[in-house]
file final06.txt (compact mmCIF, C-alpha atoms and all ligand atoms)
# COMPACT_ATOMS: atom_id res chain seq x y z
CA MET D 283 0.00 0.00 0.00
CA THR D 284 1.04 3.57 -0.40
CA PRO D 285 1.00 6.10 2.38
CA HIS D 286 0.63 9.11 0.08
CA LEU D 287 -2.02 10.82 -1.98
CA SER D 288 -1.82 9.83 -5.61
CA THR D 289 -0.66 12.30 -8.24
CA LEU D 290 -4.13 12.21 -9.78
CA THR D 291 -5.79 12.85 -6.41
CA LEU D 292 -3.55 15.88 -5.93
CA HIS D 293 -4.61 17.21 -9.32
CA ARG D 294 -8.26 16.58 -8.64
CA PHE D 295 -7.98 18.21 -5.23
CA ARG D 296 -6.41 21.27 -6.85
CA LEU D 297 -9.13 21.34 -9.49
CA GLY D 298 -11.92 20.96 -6.93
CA GLU D 299 -13.04 17.68 -8.46
CA LEU D 300 -12.99 15.46 -5.38
CA SER D 301 -16.07 14.48 -3.43
CA SER D 302 -16.45 16.47 -0.22
CA GLU D 303 -15.45 13.42 1.79
CA ALA D 304 -12.29 12.80 -0.25
CA GLU D 305 -11.50 16.48 -0.15
CA VAL D 306 -11.51 16.53 3.65
CA GLU D 307 -9.21 13.49 3.72
CA ALA D 308 -6.85 15.06 1.20
CA LYS D 309 -6.72 18.30 3.15
CA GLN D 310 -5.86 16.43 6.36
CA HIS D 311 -3.14 14.43 4.61
CA LEU D 312 -1.63 17.53 3.03
CA GLY D 313 -1.51 19.26 6.39
CA ALA D 314 0.49 16.39 7.84
CA CYS D 315 2.66 15.19 4.93
CA PRO D 316 5.56 17.36 3.69
CA THR D 317 6.11 15.04 0.70
CA CYS D 318 2.62 15.53 -0.66
CA GLU D 319 2.66 19.21 0.22
CA ALA D 320 5.81 19.55 -1.88
CA ARG D 321 4.22 17.55 -4.72
CA ILE D 322 1.15 19.76 -4.86
CA GLY D 323 3.50 22.75 -4.68
CA VAL D 324 5.11 21.49 -7.88
CA GLN D 325 1.67 21.24 -9.46
CA HIS D 326 0.80 24.80 -8.45
CA ARG D 327 4.04 26.12 -9.93
CA GLN D 328 3.48 24.17 -13.13
CA ARG D 329 -0.02 25.63 -13.36
CA LEU D 330 1.36 29.13 -13.00
CA ALA D 331 3.90 28.64 -15.76
CA PHE D 332 1.30 26.95 -17.94
CA VAL D 333 -1.29 29.74 -17.85
CA GLN D 334 1.35 32.25 -18.90
CA ALA D 335 2.22 30.33 -22.07
CA PRO D 336 0.04 30.68 -25.18
CA VAL D 337 -2.18 27.81 -26.28
CA PRO D 338 -0.28 26.05 -29.10
CA PRO D 339 -1.74 26.77 -32.57
CA ALA D 340 -2.19 23.05 -33.22
CA ILE D 341 -4.55 22.84 -30.25
CA LEU D 342 -6.54 25.88 -31.38
CA ALA D 343 -6.67 24.47 -34.89
CA ALA D 344 -8.12 21.22 -33.59
CA ASP D 345 -11.24 23.13 -32.60
CA SER D 346 -11.77 25.05 -35.83
CA PRO D 347 -15.26 24.05 -37.00
CA PRO D 348 -14.18 23.80 -40.62
CA TRP D 349 -12.06 20.81 -39.73
CA TRP D 350 -15.06 18.78 -40.72
CA SER D 351 -15.37 20.56 -44.01
CA ARG D 352 -11.70 19.78 -44.46
CA LEU D 353 -12.53 16.24 -43.44
CA ARG D 354 -15.39 16.23 -45.93
CA ALA D 355 -12.95 17.17 -48.66
CA GLN D 356 -10.59 14.46 -47.48
CA LEU D 357 -13.33 11.86 -47.39
CA TRP D 358 -14.44 12.82 -50.88
CA ALA D 359 -10.87 12.59 -51.97
CA VAL D 360 -10.58 9.02 -50.76
CA GLY D 361 -14.07 8.15 -51.96
CA LEU D 362 -15.84 7.94 -48.63
CA VAL D 363 -19.13 9.41 -47.61
CA PRO D 364 -19.03 12.96 -46.26
CA VAL D 365 -19.61 13.46 -42.60
CA ALA D 366 -23.29 14.00 -42.02
CA ALA D 367 -23.21 16.36 -39.11
CA ALA D 368 -21.08 17.64 -36.33
CA VAL D 369 -22.45 17.33 -32.85
CA LEU D 370 -20.93 19.70 -30.40
CA MET D 371 -19.96 18.16 -27.13
CA MET D 372 -19.19 20.63 -24.45
CA ILE D 373 -17.08 19.73 -21.49
CA GLY D 374 -16.67 22.14 -18.67
CA GLY D 375 -17.72 25.20 -20.58
CA VAL D 376 -19.22 26.80 -23.60
CA PRO D 377 -17.43 27.12 -26.92
CA GLU D 378 -15.58 30.39 -27.10
CA GLU D 379 -16.29 31.16 -30.70
CA VAL D 380 -19.66 31.99 -32.16
CA ALA D 381 -20.25 30.71 -35.64
CA GLY D 382 -21.52 33.21 -38.16
CA SER D 383 -22.04 33.34 -41.87
CA TRP D 384 -20.55 35.84 -44.27
CA SER D 385 -23.92 37.39 -44.89
CA GLU D 386 -24.01 38.59 -41.30
CA ILE D 387 -20.76 40.46 -41.65
CA ASP D 388 -20.80 44.17 -42.30
CA ALA D 389 -17.85 46.02 -43.65
CA GLY D 390 -15.68 48.03 -41.30
CA VAL D 391 -15.55 47.63 -37.56
CA VAL D 392 -17.29 44.48 -36.44
CA GLU D 393 -18.97 43.84 -33.14
CA THR D 394 -18.48 40.26 -32.16
CA PRO D 395 -21.26 38.61 -30.17
CA GLY D 396 -20.02 37.12 -26.94
CA LEU D 397 -17.31 39.74 -26.58
CA ALA D 398 -19.41 42.61 -25.37
CA GLY D 399 -18.09 45.94 -26.51
CA GLU D 400 -14.89 44.50 -27.94
CA THR D 401 -14.19 45.68 -31.43
CA ARG D 402 -11.32 45.20 -33.82
CA GLU D 403 -10.06 47.84 -36.18
CA LYS D 404 -9.65 47.10 -39.81
CA GLY D 405 -6.78 48.59 -41.66
CA GLU D 406 -3.75 46.41 -41.06
CA ALA D 407 -3.02 44.73 -44.36
CA GLY D 408 -3.17 40.96 -44.42
CA ARG D 409 -0.29 39.13 -45.99
CA LEU D 410 -0.05 35.55 -47.14
CA GLU D 411 3.22 33.76 -47.79
CA ALA D 412 3.94 30.33 -49.21
CA TRP D 413 7.17 28.61 -48.25
CA LEU D 414 8.69 25.66 -50.02
CA GLN D 415 10.02 23.08 -47.61
CA THR D 416 13.01 21.02 -48.56
CA GLY D 417 14.44 18.82 -45.85
CA LYS D 418 15.00 21.01 -42.83
CA SER D 419 15.20 24.30 -44.69
CA SER D 420 12.55 26.32 -46.45
CA ARG D 421 12.44 29.31 -48.77
CA LEU D 422 9.84 31.94 -49.55
CA LEU D 423 8.14 31.30 -52.88
CA GLU D 424 7.72 34.11 -55.39
CA PRO D 425 4.24 34.40 -56.95
CA GLY D 426 4.12 32.74 -60.36
CA GLU D 427 6.87 30.24 -59.63
CA THR D 428 6.53 26.72 -60.94
CA LEU D 429 5.96 24.01 -58.36
CA LEU D 430 6.63 20.34 -58.95
CA ALA D 431 4.58 17.37 -57.85
CA GLY D 432 5.51 16.31 -54.35
CA ALA D 433 6.50 19.82 -53.31
CA ARG D 434 5.76 20.56 -49.67
CA VAL D 435 4.28 23.98 -49.11
CA GLN D 436 3.86 25.72 -45.78
CA LEU D 437 1.54 28.72 -45.57
CA LYS D 438 2.29 31.66 -43.31
CA PHE D 439 0.16 34.71 -42.64
CA HIS D 440 0.05 37.98 -40.74
CA PRO D 441 -2.85 38.36 -38.33
CA ALA D 442 -4.19 41.53 -40.00
CA GLY D 443 -5.99 42.59 -36.84
CA ARG D 444 -8.76 40.03 -37.30
CA ARG D 445 -9.98 37.19 -35.12
CA PHE D 446 -9.85 34.42 -37.70
CA VAL D 447 -7.98 33.45 -40.78
CA THR D 448 -9.26 30.80 -43.17
CA LEU D 449 -6.77 29.09 -45.46
CA ALA D 450 -7.91 27.61 -48.74
CA GLY D 451 -6.63 26.53 -52.13
CA ARG D 452 -7.92 26.41 -55.71
CA ASP D 453 -6.53 24.04 -58.31
CA GLY D 454 -6.40 24.21 -62.10
CA SER D 455 -9.93 22.87 -62.49
CA GLY D 456 -11.26 25.73 -60.35
CA SER D 457 -12.08 23.45 -57.47
CA VAL D 458 -11.73 25.07 -54.04
CA GLU D 459 -10.69 23.28 -50.90
CA VAL D 460 -10.94 24.92 -47.49
CA TYR D 461 -8.10 23.69 -45.29
CA GLY D 462 -9.33 25.21 -42.08
CA THR D 463 -10.09 28.29 -40.01
CA LEU D 464 -7.69 29.29 -37.28
CA PRO D 465 -8.15 31.73 -34.46
CA VAL D 466 -5.53 34.43 -35.00
CA ASN D 467 -3.00 35.27 -32.33
CA GLU D 468 -1.70 38.75 -31.77
CA GLY D 469 1.76 39.39 -33.11
CA GLY D 470 3.75 38.71 -36.24
CA LEU D 471 3.93 36.09 -38.93
CA GLN D 472 2.12 32.84 -38.04
CA THR D 473 2.57 29.42 -39.54
CA ALA D 474 -0.36 27.19 -40.50
CA PRO D 475 -0.43 24.05 -38.34
CA PHE D 476 -0.31 21.84 -41.40
CA ALA D 477 1.73 21.49 -44.58
CA LEU D 478 0.47 20.79 -48.08
CA THR D 479 1.92 18.25 -50.46
CA LEU D 480 1.18 18.82 -54.14
CA ASP D 481 0.09 15.97 -56.38
CA GLY D 482 0.91 15.45 -60.05
CA SER D 483 -2.01 17.33 -61.64
CA ARG D 484 -1.00 20.36 -63.71
CA GLY D 485 -2.24 23.91 -64.01
CA PRO D 486 -2.51 27.05 -61.94
CA GLN D 487 -2.62 26.59 -58.17
CA SER D 488 -3.75 29.39 -55.88
CA PHE D 489 -3.69 29.67 -52.13
CA PHE D 490 -5.99 32.01 -50.22
CA ALA D 491 -6.04 33.57 -46.80
CA VAL D 492 -9.35 35.09 -45.76
CA TRP D 493 -9.32 37.23 -42.62
CA SER D 494 -12.55 37.81 -40.76
CA ASP D 495 -13.96 38.53 -37.35
CA ARG D 496 -16.36 35.61 -37.49
CA ARG D 497 -15.93 32.07 -38.61
CA PRO D 498 -16.87 31.95 -42.29
CA ASP D 499 -19.52 29.74 -43.81
CA ALA D 500 -17.61 27.04 -45.67
CA ASP D 501 -20.06 26.68 -48.59
CA GLN D 502 -20.17 30.42 -49.27
CA LEU D 503 -16.40 30.53 -49.09
CA VAL D 504 -16.00 27.70 -51.59
CA ALA D 505 -18.43 29.42 -53.98
CA GLU D 506 -16.77 32.83 -53.77
CA LEU D 507 -13.17 31.66 -53.93
CA GLY D 508 -14.06 29.80 -57.12
CA ARG D 509 -14.72 33.17 -58.81
CA GLU D 510 -12.07 35.44 -60.30
CA SER D 511 -12.90 38.24 -57.87
CA PRO D 512 -14.42 36.82 -54.69
CA LYS D 513 -17.06 38.95 -52.95
CA LEU D 514 -16.81 38.44 -49.23
CA PRO D 515 -18.14 41.59 -47.53
CA GLY D 516 -16.33 42.53 -44.38
CA ALA D 517 -13.56 40.03 -44.98
CA GLU D 518 -10.12 40.56 -46.39
CA VAL D 519 -8.75 38.15 -48.98
CA ALA D 520 -5.18 37.54 -50.09
CA ARG D 521 -4.27 35.25 -52.96
CA ILE D 522 -0.97 33.85 -54.11
CA SER D 523 -0.73 31.82 -57.33
CA PHE D 524 1.70 29.32 -58.81
CA GLU D 525 2.03 27.04 -61.79
CA LYS D 526 1.95 23.36 -60.99
CA GLU D 527 3.85 20.89 -63.18
CA MET X 264 -13.64 15.86 -56.86
CA ALA X 265 -10.68 17.66 -58.25
CA SER X 266 -9.78 19.22 -54.93
CA SER X 267 -7.99 15.98 -54.13
CA SER X 268 -5.01 17.55 -55.86
CA ILE X 269 -3.67 18.52 -52.45
CA SER X 270 -3.25 16.30 -49.49
CA LEU X 271 -2.88 17.61 -45.99
CA ASP X 272 -0.22 15.76 -44.15
CA THR X 273 -1.04 16.66 -40.63
CA THR X 274 -1.79 14.52 -37.65
CA ILE X 275 -4.80 16.69 -36.93
CA VAL X 276 -6.39 15.68 -40.17
CA ARG X 277 -5.33 12.07 -39.90
CA ALA X 278 -6.99 11.90 -36.53
CA HIS X 279 -10.27 13.00 -38.09
CA VAL X 280 -10.33 10.86 -41.17
CA GLU X 281 -12.60 8.10 -40.04
CA PRO X 282 -15.67 6.88 -41.87
CA ARG X 283 -18.18 7.62 -39.14
CA PRO X 284 -21.75 8.71 -39.62
CA VAL X 285 -21.51 11.38 -36.97
CA ALA X 286 -18.48 13.30 -35.86
CA VAL X 287 -18.40 14.51 -32.29
CA GLU X 288 -16.53 17.70 -31.83
CA LEU X 289 -14.72 18.00 -28.54
CA ASP X 290 -13.86 21.38 -27.20
CA ILE X 291 -10.15 20.67 -27.18
CA THR X 292 -9.06 24.20 -26.33
CA THR X 293 -11.21 24.32 -23.23
CA LEU X 294 -9.90 20.95 -22.11
CA TYR X 295 -6.35 22.09 -22.80
CA ARG X 296 -6.75 25.26 -20.75
CA ARG X 297 -8.11 23.32 -17.80
CA TYR X 298 -5.97 20.17 -17.89
CA GLY X 299 -2.98 21.05 -20.05
CA ASP X 300 -0.72 21.65 -17.05
CA MET X 301 -1.65 18.28 -15.58
CA VAL X 302 -0.86 16.52 -18.85
CA LEU X 303 2.36 18.49 -19.39
CA GLY X 304 3.51 17.88 -15.82
CA ARG X 305 2.87 14.17 -16.16
CA CYS X 306 4.78 14.05 -19.45
CA ARG X 307 7.70 15.83 -17.79
CA THR X 308 7.62 13.42 -14.87
CA LEU X 309 7.63 10.31 -17.03
CA LEU X 310 9.64 11.43 -20.05
CA ARG X 311 12.04 13.75 -18.22
CA ASP X 312 12.62 15.61 -21.47
CA PRO X 313 10.99 19.06 -21.58
CA ILE X 314 10.85 19.26 -25.38
CA GLU X 315 9.40 15.81 -25.81
CA ALA X 316 6.98 16.53 -22.97
CA GLN X 317 5.54 19.49 -24.94
CA ASP X 318 5.24 17.29 -27.96
CA ALA X 319 3.56 14.47 -26.08
CA THR X 320 1.12 16.94 -24.48
CA GLN X 321 -0.04 18.06 -27.90
CA GLU X 322 -0.30 14.43 -28.95
CA VAL X 323 -2.61 13.71 -26.02
CA PHE X 324 -5.02 16.52 -26.86
CA LEU X 325 -4.96 16.00 -30.60
CA LYS X 326 -5.75 12.32 -30.09
CA LEU X 327 -8.89 13.13 -28.13
CA HIS X 328 -10.90 13.14 -31.34
CA ARG X 329 -9.88 9.58 -31.96
CA TYR X 330 -10.80 8.52 -28.46
CA ARG X 331 -13.93 10.63 -28.21
CA ASP X 332 -16.30 7.68 -27.69
CA SER X 333 -14.49 6.34 -24.67
CA PHE X 334 -13.95 9.90 -23.52
CA ARG X 335 -17.66 10.50 -23.44
CA GLY X 336 -18.12 7.48 -21.21
CA GLU X 337 -15.76 8.80 -18.57
CA ALA X 338 -17.09 10.49 -15.49
CA SER X 339 -14.05 12.71 -15.14
CA PRO X 340 -11.94 14.22 -17.92
CA SER X 341 -8.97 14.48 -15.55
CA THR X 342 -8.96 10.72 -14.91
CA TYR X 343 -9.28 9.96 -18.58
CA LEU X 344 -6.56 12.41 -19.60
CA PHE X 345 -4.27 11.10 -16.89
CA LYS X 346 -4.71 7.61 -18.25
CA ILE X 347 -4.11 8.35 -21.91
CA THR X 348 -1.16 10.57 -21.03
CA THR X 349 0.41 7.63 -19.23
CA THR X 350 -0.22 5.36 -22.20
CA ILE X 351 1.26 7.87 -24.65
CA CYS X 352 4.32 8.44 -22.45
CA LEU X 353 4.94 4.72 -22.02
CA ASN X 354 4.64 4.24 -25.78
CA ARG X 355 7.21 6.98 -26.29
CA ILE X 356 9.56 5.51 -23.71
CA ARG X 357 9.31 2.11 -25.39
CA SER X 358 10.06 3.48 -28.85
CA ARG X 359 12.80 5.68 -27.42
CA ARG X 360 14.48 2.53 -26.16
CA ARG X 361 14.26 1.01 -29.59
CA ARG X 362 16.15 4.07 -30.91
CA PRO X 363 18.81 4.69 -28.30
CA GLU X 364 20.74 6.85 -30.78
CA ASP X 365 18.13 9.65 -30.51
CA PRO X 366 19.22 12.19 -27.95
CA VAL X 367 17.04 12.73 -24.90
CA GLU X 368 17.22 16.18 -23.43
CA GLU X 369 17.06 15.42 -19.73
CA LEU X 370 15.51 17.67 -17.14
CA PRO X 371 18.06 18.74 -14.56
CA PRO X 372 18.30 15.81 -12.12
CA GLY X 373 17.31 17.95 -9.17
CA GLU X 374 14.18 19.35 -10.83
CA PRO X 375 11.23 18.36 -8.65
CA THR X 376 8.23 16.62 -10.17
CA ASP X 377 4.94 15.67 -8.58
CA GLY X 378 5.84 11.99 -8.72
CA LEU X 379 7.09 9.95 -5.79
CA LEU X 380 10.30 8.71 -7.40
CA ASP X 381 13.38 10.78 -8.17
CA ALA X 382 15.06 10.64 -11.58
CA LEU X 383 17.39 7.80 -10.71
CA ALA X 384 14.71 5.63 -9.13
CA LEU X 385 12.36 6.26 -12.05
CA ARG X 386 15.04 5.17 -14.48
CA GLN X 387 15.69 2.01 -12.48
CA LEU X 388 11.99 1.24 -12.39
CA LEU X 389 11.59 1.82 -16.13
CA ASP X 390 14.62 -0.34 -16.87
CA ARG X 391 13.18 -3.17 -14.85
CA LEU X 392 9.64 -3.04 -16.07
CA LEU X 393 10.34 -2.40 -19.74
CA ALA X 394 12.74 -5.33 -19.77
CA GLY X 395 10.34 -7.97 -18.66
CA GLU X 396 6.79 -6.86 -17.94
CA ASP X 397 3.71 -6.75 -20.15
CA GLU X 398 2.15 -3.37 -20.92
CA ARG X 399 -0.64 -3.64 -18.38
CA THR X 400 1.78 -4.55 -15.60
CA GLN X 401 3.98 -1.64 -16.67
CA SER X 402 1.03 0.72 -16.20
CA CYS X 403 0.16 -0.84 -12.83
CA LEU X 404 3.70 -0.33 -11.60
CA ILE X 405 3.89 3.28 -12.78
CA TYR X 406 0.59 4.20 -11.15
CA HIS X 407 1.57 2.51 -7.94
CA TYR X 408 5.22 3.46 -7.52
CA VAL X 409 5.43 6.78 -9.36
CA ASP X 410 1.96 8.12 -8.60
CA GLY X 411 1.29 6.53 -5.25
CA MET X 412 -2.04 4.98 -6.22
CA THR X 413 -3.46 2.21 -4.08
CA TYR X 414 -4.20 -1.16 -5.67
CA ASP X 415 -7.89 -0.29 -5.78
CA GLU X 416 -7.23 3.10 -7.37
CA VAL X 417 -5.06 1.48 -10.05
CA GLY X 418 -7.68 -1.19 -10.61
CA GLU X 419 -10.44 1.35 -11.02
CA LEU X 420 -8.40 3.33 -13.52
CA LEU X 421 -7.52 0.27 -15.59
CA GLY X 422 -10.87 -1.48 -15.29
CA ILE X 423 -9.50 -4.48 -13.40
CA SER X 424 -9.86 -5.57 -9.78
CA GLY X 425 -7.65 -4.27 -7.01
CA ALA X 426 -6.72 -7.88 -6.29
CA ALA X 427 -5.46 -8.33 -9.85
CA VAL X 428 -3.30 -5.24 -9.43
CA ARG X 429 -1.99 -6.52 -6.11
CA LYS X 430 -1.04 -9.81 -7.76
CA ARG X 431 0.83 -8.17 -10.61
CA ILE X 432 2.75 -5.92 -8.24
CA ALA X 433 3.52 -8.78 -5.87
CA THR X 434 4.93 -10.83 -8.74
CA PHE X 435 7.10 -7.94 -9.81
CA ARG X 436 8.29 -7.40 -6.25
CA SER X 437 9.22 -10.99 -5.76
CA SER X 438 11.30 -10.83 -8.95
CA LEU X 439 13.37 -8.16 -7.19
CA ARG X 440 13.69 -10.04 -3.92
CA GLN X 441 17.38 -10.76 -4.43
CA SER X 442 18.39 -7.11 -4.33
CA PRO X 443 15.44 -4.82 -3.65
CA PRO X 444 16.15 -1.20 -4.65
CA ASP X 445 15.61 1.55 -2.08
CA TRP X 446 12.57 3.01 -3.77
CA LEU X 447 10.81 -0.35 -3.67
CA THR X 448 11.22 -0.84 0.05
CA GLU X 449 10.33 2.79 0.75
CA ALA X 450 7.15 2.72 -1.30
CA ASP X 451 6.00 -0.53 0.22
CA ARG X 452 6.77 0.26 3.79
ZN ZN D 601 1.80 12.15 1.51

call {"tool": "encode", "arguments": {"input": "final06.txt", "output": "structure tokens"}}
result
Amino acid sequence: MTPHLSTLTLHRFRLGELSSEAEVEAKQHLGACPTCEARIGVQHRQRLAFVQAPVPPAILAADSPPWWSRLRAQLWAVGLVPVAAAVLMMIGGVPEEVAGSWSEIDAGVVETPGLAGETREKGEAGRLEAWLQTGKSSRLLEPGETLLAGARVQLKFHPAGRRFVTLAGRDGSGSVEVYGTLPVNEGGLQTAPFALTLDGSRGPQSFFAVWSDRRPDADQLVAELGRESPKLPGAEVARISFEKE
Amino acid sequence: MASSSISLDTTIVRAHVEPRPVAVELDITTLYRRYGDMVLGRCRTLLRDPIEAQDATQEVFLKLHRYRDSFRGEASPSTYLFKITTTICLNRIRSRRRRPEDPVEELPPGEPTDGLLDALALRQLLDRLLAGEDERTQSCLIYHYVDGMTYDEVGELLGISGAAVRKRIATFRSSLRQSPPDWLTEADR
């Protein structure tokens, strides 16, 4: 048997997840056991350091609703049935982002529901960059360059003062694929949490970044990005095009 | 559909590509904000490599989509996350041992963790249990010796009886009877 509180019990005590009975026992043990007091001290310090660090982009990206539209594209690509619906399961809270469609977006300063009074200024120009990855190095691609099959492309973007950026691509046949919508962090150039590998089909290949203050509607986005000049009121669009061989 | 001209090679997408009629979306960010430090701390304790611990933490949360059905059945996210973090860390330690040429960036030996074993004792335990024990026994031993769980607590976590846990640990202990390490005698006092 063990004389100490388990690591998990210490966490659950800290998080207020123990039953009242177990909580009383834990409190008594902690008052009398320097080892466990030191262990929970480590947990408190780790918590402090943790809350000061930003949430990694890959974690934020995992929650972007359009992951299932990306999934739908993937499933189509491998010949499977598209996902019928997404059911939101909420654990310990409400989702932080409120979905909205493009039609709800007005130009200019946007009030975001759920963030009372908080507004974001337009004006900072959005920039999209495509980087070619080779081994461990990468180089910035110039628009119009020719890309070969198998090339690995990493997209980078500036936040442009918006809450979200949606990354998408259009191939030579005019078909649009939405890769995902990411919450934008403050600060400089950000890297998409995924890389793209080009296949052997030829023709022009464009990449898009669409900045917005609400999550875009995937169907509307696909329709508009298929046009030569997309009309997405209130959103900012950047495009970068290449030739694929 | 011609949009298949590009493939996303990301674990996030791989985790989602499953032919299921209904996809359940977990609120990963909320879970991360609440439990990320627990997962990261556990990864640091077991892996003792701060860089790999960050990596493993992301792996845990990004895999939640894959495990969402069993996740839903759990009463407590902390218990569930603790369990899959342990599994992921043990998998990493096993594959690390298959590739001893890969460098491991060790935490400073004196750096305190919330586990009950220090760095040296943990290494001794891992050496012993990875050499000869099955995966379930490995988990039992980690939960008992590193985390200080009782037999019943380990059993509840793994879905087996406390008696079964006791038996596995007793067998392991008797294999060390010749020269019991300090941490073993201390933990079983
Ligand atoms: Zn104690």

call {"tool": "closest_residue", "arguments": {"input": "final06.txt", "among": "X:Pro340, X:Asp377, X:Glu396, X:Leu389", "to": "ligand ZN 601 (chain D)", "atoms": "all atoms listed in the file"}}
result
X:Asp377

call {"tool": "residues_near_ligand", "arguments": {"input": "final06.txt", "ligand": "ligand ZN 601 (chain D)", "cutoff": "10 Å", "atoms": "only C-alpha atoms and all ligand atoms", "output": "VMD selection string"}}
result
(chain D and resid 284 to 288 292 308 311 to 322) or (chain X and resid 379 411)

call {"tool": "atom_distance", "arguments": {"input": "final06.txt", "atom1": "atom CA of Pro465 of chain D", "atom2": "atom CA of Ala442 of chain D"}}
result
11.9 Å

call {"tool": "atom_distance", "arguments": {"input": "final06.txt", "atom1": "atom CA of Val306 of chain D", "atom2": "atom CA of Met301 of chain X"}}
result
21.7 Å

call {"tool": "closest_residue", "arguments": {"input": "final06.txt", "among": "X:Leu380, X:Met412, X:Leu420, X:Ala319", "to": "chain D", "atoms": "all atoms listed in the file"}}
result
X:Met412

call {"tool": "atom_distance", "arguments": {"input": "final06.txt", "atom1": "atom CA of Ser523 of chain D", "atom2": "atom CA of Pro486 of chain D"}}
result
6.9 Å

call {"tool": "closest_residue", "arguments": {"input": "final06.txt", "among": "D:Ser494, D:Ser511, D:Ser419, D:Gln334", "to": "chain X", "atoms": "only C-alpha atoms"}}
result
D:Gln334

call {"tool": "residues_around", "arguments": {"input": "final06.txt", "residues": "Pro338 of chain D", "least_positions_apart": "6", "cutoff": "10 Å", "atoms": "only C-alpha atoms", "output": "PDB file with C-alpha atoms, in the coordinates of the input"}}
result
ATOM      1  CA  PRO D 475      -0.430  24.050 -38.340  1.00  0.00           C
TER       2      PRO D 475
ATOM      3  CA  THR X 292      -9.060  24.200 -26.330  1.00  0.00           C
ATOM      4  CA  TYR X 295      -6.350  22.090 -22.800  1.00  0.00           C
ATOM      5  CA  GLN X 317       5.540  19.490 -24.940  1.00  0.00           C
ATOM      6  CA  GLN X 321      -0.040  18.060 -27.900  1.00  0.00           C
TER       7      GLN X 321
END

call {"tool": "closest_residue", "arguments": {"input": "final06.txt", "among": "X:Pro375, X:Thr400, X:Leu325, X:Ile405", "to": "Asp290 of chain X", "atoms": "only C-alpha atoms"}}
result
X:Leu325

call {"tool": "residues_around", "arguments": {"input": "final06.txt", "residues": "Arg297 of chain X", "least_positions_apart": "2", "cutoff": "12 Å", "atoms": "all atoms listed in the file", "output": "NGL selection string"}}
result
(:D and (293-294 or 296-299 or 329 or 332-333 or 337 or 373-375)) or (:X and (290-295 or 299-303 or 324 or 340-341 or 344))

call {"tool": "write_last_selection", "arguments": {"input": "final06.txt", "atoms": "C-alpha atoms", "output": "PDB file, keeping the file's coordinate frame"}}
result
ATOM      1  CA  HIS D 293      -4.610  17.210  -9.320  1.00  0.00           C
ATOM      2  CA  ARG D 294      -8.260  16.580  -8.640  1.00  0.00           C
ATOM      3  CA  ARG D 296      -6.410  21.270  -6.850  1.00  0.00           C
ATOM      4  CA  LEU D 297      -9.130  21.340  -9.490  1.00  0.00           C
ATOM      5  CA  GLY D 298     -11.920  20.960  -6.930  1.00  0.00           C
ATOM      6  CA  GLU D 299     -13.040  17.680  -8.460  1.00  0.00           C
ATOM      7  CA  ARG D 329      -0.020  25.630 -13.360  1.00  0.00           C
ATOM      8  CA  PHE D 332       1.300  26.950 -17.940  1.00  0.00           C
ATOM      9  CA  VAL D 333      -1.290  29.740 -17.850  1.00  0.00           C
ATOM     10  CA  VAL D 337      -2.180  27.810 -26.280  1.00  0.00           C
ATOM     11  CA  ILE D 373     -17.080  19.730 -21.490  1.00  0.00           C
ATOM     12  CA  GLY D 374     -16.670  22.140 -18.670  1.00  0.00           C
ATOM     13  CA  GLY D 375     -17.720  25.200 -20.580  1.00  0.00           C
TER      14      GLY D 375
ATOM     15  CA  ASP X 290     -13.860  21.380 -27.200  1.00  0.00           C
ATOM     16  CA  ILE X 291     -10.150  20.670 -27.180  1.00  0.00           C
ATOM     17  CA  THR X 292      -9.060  24.200 -26.330  1.00  0.00           C
ATOM     18  CA  THR X 293     -11.210  24.320 -23.230  1.00  0.00           C
ATOM     19  CA  LEU X 294      -9.900  20.950 -22.110  1.00  0.00           C
ATOM     20  CA  TYR X 295      -6.350  22.090 -22.800  1.00  0.00           C
ATOM     21  CA  GLY X 299      -2.980  21.050 -20.050  1.00  0.00           C
ATOM     22  CA  ASP X 300      -0.720  21.650 -17.050  1.00  0.00           C
ATOM     23  CA  MET X 301      -1.650  18.280 -15.580  1.00  0.00           C
ATOM     24  CA  VAL X 302      -0.860  16.520 -18.850  1.00  0.00           C
ATOM     25  CA  LEU X 303       2.360  18.490 -19.390  1.00  0.00           C
ATOM     26  CA  PHE X 324      -5.020  16.520 -26.860  1.00  0.00           C
ATOM     27  CA  PRO X 340     -11.940  14.220 -17.920  1.00  0.00           C
ATOM     28  CA  SER X 341      -8.970  14.480 -15.550  1.00  0.00           C
ATOM     29  CA  LEU X 344      -6.560  12.410 -19.600  1.00  0.00           C
TER      30      LEU X 344
END

call {"tool": "residues_around", "arguments": {"input": "final06.txt", "residues": "Thr413 of chain X", "least_positions_apart": "6", "cutoff": "12 Å", "atoms": "all atoms listed in the file", "output": "PyMOL selection string"}}
result
(chain D and resi 283-291) or (chain X and resi 403-407+419-420+424-426+428-429+432+450-451)

call {"tool": "residues_around", "arguments": {"input": "final06.txt", "residues": "Asn467 of chain D", "least_positions_apart": "4", "cutoff": "12 Å", "atoms": "all atoms listed in the file", "output": "list in words"}}
result
Pro336, Val337, Pro338, Pro339, Leu342, Ala343, Phe439, His440, Pro441, Ala442, Gly443, Arg444, Arg445, Phe446, Val447, Leu471, Gln472, Thr473 and Ala474 of chain D

call {"tool": "residues_around", "arguments": {"input": "final06.txt", "residues": "Arg434 of chain D", "least_positions_apart": "2", "cutoff": "7 Å", "atoms": "all atoms listed in the file", "output": "list of chain:residue names"}}
result
D:Leu414, D:Gln415, D:Gly432, D:Gln436, D:Ala477, D:Leu478, D:Thr479, D:Leu480
